[in-house]
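Below you'll find the structure, written out as structure tokens, and then a few comments.
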Number of protein chains: 2
Amino acid sequence: MKWTDLDENWCPVARTLSVVGDRWTLLILRDCFLGKSRFGEFAASTGATRHIVASRLKRLVDAGILTKVAYSRRPARFDYQLTDKGRELSPALGVFRDWGKAHLPVRRRALS
Amino acid sequence: MKWTDLDENWCPVARTLSVVGDRWTLLILRDCFLGKSRFGEFAASTGATRHIVASRLKRLVDAGILTKVAYSRRPARFDYQLTDKGRELSPALGVFRDWGKAHLPVRRRALS
DNA sequence: TTTTGTCTGTTCTTATTTGGAACTTTGCGC
DNA sequence: GCGCAAAGTTCCAAATAAGAACAGACAAAA
């Protein structure tokens, strides 16, 4: 089955995942909740390629989760800001954060 | 950046996503929360290929989110059951479900 | 004024992952 | 024995991602 078929799925979880259901998209959203808003910040912070960042931002804007606001014309520069709709996803990221803290400690050698 | 590098990321969200951060994995988890537990059920319900289902189940078991319990030896047949650790992810799926219900209604022609 | 740097993308080629279908193994019921 | 089921595995083609370079439009420095 194709990923794109999911947006018409009977299940609301599947439909949501058709928009935000991949690693990079969710990491970009994490950045948004941390206050980041620019293309370069997302690319640097997530480690995704610029290509991926561009495609994911496009999808998030299309879905109404982010809005693209120009803070400079000539040269064109943009902020990507969370909409109210986007902010409603915050609790999910919170769950992932808490779960990661609790169950996936960073393995480091002799930090103590 | 490779997906696998994420499991050592400083960010707990990124580490969590290194395990559950893809569409099919999250759909399989949804099925688990709905009471499904078998390979065939996951494959049929999610629409993912058997190949994908196999690899995702393997990852979830490795991460301690599911346990593989044999309900038949010869032929070998298994149930995949949520662990307590896995059940802690339930609220995240709840957020996705509610968000999908609220913002991504299924478009149908003249059902009313 | 030439150079360097920044920001937001796009394009290109290669590598990895996925999709789709067939095949395997181990039985069961007829 | 014959067809069927469950849980995977294997194979090849197609789609997606990685990595790096390139581009356009400026600003600031040399």
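Going by the structure tokens order, chains are called A, B, ..., each with residues numbered from 1, while ligands are numbered from 1 in the order shown.
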At most 9 Å to chain C: residues in chain A, only C-alpha atoms (C1' of nucleotides), as JSON, numbers by chain
{"A": [1, 2, 39, 40, 50, 51, 54, 75, 76, 77, 78]}
May I have all residues of chain B that DSSP, computed from the backbone, assigns to strand (DSSP E or B), given as a PyMOL selection string?
chain B and resi 22+66-72+77-82
Could you give me chain B least-squares fitted onto chain A (all C-alpha atoms, paired in order), as a CSV table (one decimal) with C-alpha atoms, in the first residue's frame?
chain,number,residue,atom,x,y,z
B,1,MET,CA,0.1,0.2,0.0
B,2,LYS,CA,1.3,3.7,-0.8
B,3,TRP,CA,1.8,6.2,2.0
B,4,THR,CA,-0.4,8.7,0.2
B,5,ASP,CA,-3.4,6.4,0.3
B,6,LEU,CA,-3.5,6.8,4.0
B,7,ASP,CA,-5.1,10.3,3.9
B,8,GLU,CA,-8.4,8.8,3.0
B,9,ASN,CA,-8.2,6.0,5.6
B,10,TRP,CA,-11.2,5.3,7.8
B,11,CYS,CA,-8.9,5.6,10.8
B,12,PRO,CA,-8.1,9.1,12.2
B,13,VAL,CA,-4.7,7.9,13.4
B,14,ALA,CA,-3.8,6.8,9.9
B,15,ARG,CA,-5.0,10.1,8.5
B,16,THR,CA,-2.9,12.1,11.0
B,17,LEU,CA,0.1,9.9,10.2
B,18,SER,CA,-0.3,10.6,6.5
B,19,VAL,CA,0.8,14.2,7.4
B,20,VAL,CA,3.2,13.9,10.4
B,21,GLY,CA,4.0,10.2,10.4
B,22,ASP,CA,7.7,10.3,9.7
B,23,ARG,CA,10.8,10.9,11.7
B,24,TRP,CA,11.9,14.1,10.1
B,25,THR,CA,8.5,15.7,10.2
B,26,LEU,CA,8.1,15.0,13.9
B,27,LEU,CA,11.7,16.3,14.6
B,28,ILE,CA,10.8,19.5,12.7
B,29,LEU,CA,7.7,19.8,14.9
B,30,ARG,CA,9.8,19.3,18.0
B,31,ASP,CA,12.0,22.1,16.9
B,32,CYS,CA,9.0,24.3,16.4
B,33,PHE,CA,7.8,23.6,19.9
B,34,LEU,CA,11.3,24.5,21.1
B,35,GLY,CA,11.0,27.9,19.4
B,36,LYS,CA,12.9,27.3,16.1
B,37,SER,CA,11.3,28.7,13.0
B,38,ARG,CA,13.8,28.8,10.1
B,39,PHE,CA,14.8,26.5,7.3
B,40,GLY,CA,18.4,26.6,8.3
B,41,GLU,CA,17.7,25.9,11.9
B,42,PHE,CA,15.6,22.9,11.1
B,43,ALA,CA,18.3,21.5,8.8
B,44,ALA,CA,21.0,22.0,11.3
B,45,SER,CA,19.1,20.8,14.3
B,46,THR,CA,17.5,17.7,12.9
B,47,GLY,CA,20.4,16.6,10.7
B,48,ALA,CA,18.0,16.0,7.8
B,49,THR,CA,19.1,17.1,4.3
B,50,ARG,CA,17.9,20.4,3.0
B,51,HIS,CA,15.9,18.4,0.4
B,52,ILE,CA,14.0,16.6,3.1
B,53,VAL,CA,13.5,19.7,5.2
B,54,ALA,CA,12.1,21.6,2.2
B,55,SER,CA,9.6,18.8,1.4
B,56,ARG,CA,8.5,18.3,5.0
B,57,LEU,CA,8.0,22.0,5.5
B,58,LYS,CA,5.9,22.1,2.4
B,59,ARG,CA,3.7,19.3,3.6
B,60,LEU,CA,3.3,20.9,7.0
B,61,VAL,CA,2.3,24.2,5.5
B,62,ASP,CA,-0.1,22.5,3.2
B,63,ALA,CA,-1.7,20.7,6.1
B,64,GLY,CA,-2.1,24.0,8.0
B,65,ILE,CA,0.2,22.9,10.8
B,66,LEU,CA,2.7,25.7,10.1
B,67,THR,CA,2.4,29.0,8.3
B,68,LYS,CA,5.1,30.5,6.2
B,69,VAL,CA,5.6,34.1,7.2
B,70,ALA,CA,8.1,36.3,5.3
B,71,TYR,CA,10.4,38.3,7.5
B,72,SER,CA,12.2,39.7,4.6
B,73,ARG,CA,11.4,40.2,0.9
B,74,ARG,CA,14.4,40.6,-1.3
B,75,PRO,CA,16.0,38.4,-0.4
B,76,ALA,CA,13.0,36.2,0.5
B,77,ARG,CA,13.4,34.8,4.0
B,78,PHE,CA,10.8,33.0,6.0
B,79,ASP,CA,9.7,32.0,9.4
B,80,TYR,CA,7.7,28.8,9.8
B,81,GLN,CA,5.3,29.3,12.7
B,82,LEU,CA,3.0,26.9,14.4
B,83,THR,CA,-0.7,27.4,13.9
B,84,ASP,CA,-3.2,26.6,16.7
B,85,LYS,CA,-3.9,23.4,14.8
B,86,GLY,CA,-0.2,22.6,14.9
B,87,ARG,CA,0.1,23.4,18.6
B,88,GLU,CA,-2.5,20.7,19.3
B,89,LEU,CA,0.1,18.1,18.4
B,90,SER,CA,2.3,19.2,21.2
B,91,PRO,CA,1.1,16.6,23.8
B,92,ALA,CA,2.1,13.8,21.4
B,93,LEU,CA,5.7,15.1,21.3
B,94,GLY,CA,5.5,15.4,25.1
B,95,VAL,CA,4.7,11.7,25.3
B,96,PHE,CA,7.7,10.9,23.1
B,97,ARG,CA,10.0,13.1,25.1
B,98,ASP,CA,8.9,11.5,28.4
B,99,TRP,CA,9.1,8.0,27.0
B,100,GLY,CA,12.6,8.6,25.6
B,101,LYS,CA,13.8,10.0,28.9
B,102,ALA,CA,12.4,7.1,30.8
B,103,HIS,CA,13.3,4.2,28.6
B,104,LEU,CA,16.1,5.3,26.3
B,105,PRO,CA,18.9,6.8,28.3
B,106,VAL,CA,21.8,8.0,26.4
B,107,ARG,CA,24.7,5.5,26.7
B,108,ARG,CA,27.8,7.4,27.6
B,109,ARG,CA,31.1,6.1,28.9
B,110,ALA,CA,32.1,7.4,32.3
B,111,LEU,CA,30.4,10.8,32.4
B,112,SER,CA,30.0,10.6,36.1
Based on only C-alpha atoms (C1' of nucleotides), which of the residues in chain D come within 12 Å of chain A? I want them as a list in words.
DA14, DA15, DT16, DA17, DA18, DG19, DA20, DG24, DA25, DC26 and DA27 of chain D
DSSP helix (DSSP H, G or I) selection over chain B, as a ChimeraX atom specification:
/B:3-8,12-20,23-33,39-46,50-62,84-87,90-103
